[in-house]
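Asker: After the structure tokens below, expect a handful of questions from me.
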Amino acid sequence: MTKKPTLSSVAKEAGVSVPTVSQVMRDTGRISEKTRQKVLSAAKRLRYVPNQAAAAMRSGDNREIGFIINKLANPFNAEVVSGAVDLLETEGFMVSILDAQGDLQRQDRLLEACIRFGRRGLIWVPALDTSEVSMELLNAHGVPAVTFMRKVSQSLDHVGILNTEALEQATQHLIDLGHKHIAYFGGTEQSSVREERIAGYLGTFEQLDDVQSIVWPCDENKSAGVDAIAALRHQHPEVTGIVCNGDVVALGACFGLIQSGLKPGHDFSVVGFDDIEDAAVSTPGLTTMAIDPKKLGKRLAEILLDRMRTPDLPIRHVEYSATLKVRGTSGPIPNH
């Protein structure tokens, strides 16, 4: 195995001292441009890469951010992460993506790991039933954090979505198209996010006597959506439209309808939630409540950076409205 390049080997290659190489790598000291270029050229020839972990221990300036997500495989979550990473990397930070899978014990291990490895800050989607102990752990070690989707503490910055308002708008869209039997479709866990969305869905019917409501749970993936839409239609053939907990399950439902010989938007209406990239390019395009997940990720990163730079800023709780984006999967009630 080839010997790993070090400060000493770069110094020898460049014909300068080890402290000079160290200063060039840290961009400190009064080093002439000629010497700096000589050192950088030697480092490039030897493929030397500075050990940032060691540098961070010396300086106390760790350039790594933790991002604890719930189910990274969900395209919505992946797009949120992408938006945050895009901004944080331009600011010189590396991001460690950690998937807690909604499991409290796994989440606690990941929180402890972020502290143990000195992460500079944390973006966090808290698991259901997250306790005050987790917040106390972060506070005790002075880790700046911003939560997403689930608000677990008034003492942490938070970015969320106006879920109730969004589902009222989505449900009203189908009512305005003439649908009288509309189901809430998708999701299984009793999270605050899903509860807020179901509340918006049910609240839309309060002044309507001739509209039936059904909450139909299923896992948040396309395969589950395919199976669940078949079961829903079998048990409730009167249902002509659904508003969904997320785009992924909505796209699964659309595929299930097509398998049954039905055309989404013509024979049966589907409204999603998120506006992931696949929503616009599906056939037909998915009507959805759009919230721009990459933009949300960028906002999370901005708030965390502000908190790290100015720890005494007032706590911010930011909630975004969703916008109804009408595409091909919603239409008037079928005449049969």
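By convention here, the chains of the structure tokens are called A, B, ... in the order presented, each chain's residues are numbered starting at 1, and ligands are numbered starting at 1 in the order presented.
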Residues within 10 Å of range 9-20 of chain A, please, as a VMD selection string. Count only C-alpha atoms; anything in the same chain fewer than 3 positions from it doesn't count.

Answerer: chain A and resid 3 to 6 23 to 26 28 to 31 35 to 48

Asker: Give one line per residue of range 25-115 of chain A that approaches range 242-261 of chain A to at most 12 Å, naming the two atoms of the closest pair and their distance in Å to one decimal, counting only C-alpha atoms; sort by chain then ascending residue number and deliver it as CSV.

Answerer:
```
residue,atom,partner,partner_atom,distance
A:Ala73,CA,A:Val248,CA,10.6
A:Asn74,CA,A:Val248,CA,7.5
A:Pro75,CA,A:Val248,CA,7.5
A:Phe76,CA,A:Asp247,CA,8.1
A:Asn77,CA,A:Gly246,CA,11.0
```

Asker: Just list as a ChimeraX atom specification whatever in range 35-280 of chain A DSSP marks as helix (DSSP H, G or I).

Answerer: /A:35-46,52-59,75-90,104-116,132-140,163-176,192-203,222-235,247-259,277-280

Asker: CA of Ala166 in chain A and CA of Lys180 in chain A are how many Å apart?

Answerer: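 CA of Lys180 in chain A lies at a distance of 19.1 Å from CA of Ala166 in chain A.
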
Asker: Suppose you want the space between CA of Tyr184 in chain A and CA of Gly160 in chain A; what is it in Å?

Answerer: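 These two atoms are separated by 20.8 Å.
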
Asker: Smallest atom-to-atom distance to Leu156 in chain A: which of A:Ile229, A:Val85, A:Ile123, A:Leu286, using only C-alpha atoms?

Answerer: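 Going through A:Ile229, A:Val85, A:Ile123, A:Leu286 one by one, the smallest distance to Leu156 in chain A is for A:Ile123.
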
Asker: A:Leu296, A:Leu128, A:Ile65, A:Leu162: which is nearest Ile115 in chain A, counting only C-alpha atoms?

Answerer: A:Ile65

Asker: I need the residues of range 240-297 of chain A that end up classed as strand (DSSP E) by DSSP on the backbone, written out as a list in words.

Answerer: Gly241, Ile242, Val243, Cys244, Ser269, Val270, Val271, Gly272, Phe273, Asp274, Thr287, Thr288, Met289 and Ala290 of chain A

Asker: Between A:Glu220, A:His141, A:Asp274, A:Thr90, which is the closest to Lys294 in chain A once you count only C-alpha atoms?

Answerer: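 Between A:Glu220, A:His141, A:Asp274, A:Thr90, the residue approaching Lys294 in chain A most closely is A:Asp274.
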
Asker: Figure out the distance between CA of Arg120 in chain A and CA of Val146 in chain A, please, to one decimal in Å.

Answerer: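 Distance reported for this atom pair: 12.3 Å.
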
Asker: Fewer than 4 positions away in the same chain doesn't count, so skip those; otherwise give me all residues within 12 Å of Leu88 in chain A, counting only C-alpha atoms, as a list in words.

Answerer: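 In the requested form, the answer reads Arg63, Glu64, Ile65, Gly66, Phe67, Val81, Ser82, Gly83, Ala84, Gly92, Phe93, Met94, Val95, Ser96, Arg120, Gly121, Leu122, Ile123, Gly297, Lys298, Arg299, Leu300, Ala301, Glu302, Ile303, Leu304, Leu305 and Asp306 of chain A.
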
Asker: Which one of A:Val271, A:Ile68, A:Val152, A:Leu202 sits closest to Pro284 in chain A if you count only C-alpha atoms?

Answerer: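 Checking each candidate against Pro284 in chain A, we get A:Val271 as the closest.
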
Asker: Name the closest residue to Phe205 in chain A among the candidates A:Ala228, A:Leu174, A:Val143, A:Cys218; distances are taken between atoms, counting only C-alpha atoms.

Answerer: A:Leu174

Asker: Name the closest residue to Gln101 in chain A among the candidates A:Ile69, A:Leu324, A:Val49, A:Ala145; distances are taken between atoms, counting only C-alpha atoms.

Answerer: A:Ile69

Asker: Show which residues sit within 8 Å of Phe268 in chain A, as a ChimeraX atom specification. Count only C-alpha atoms, and ignore same-chain residues fewer than 5 positions away.

Answerer: /A:240-241,257,262-263,329-331,333-334
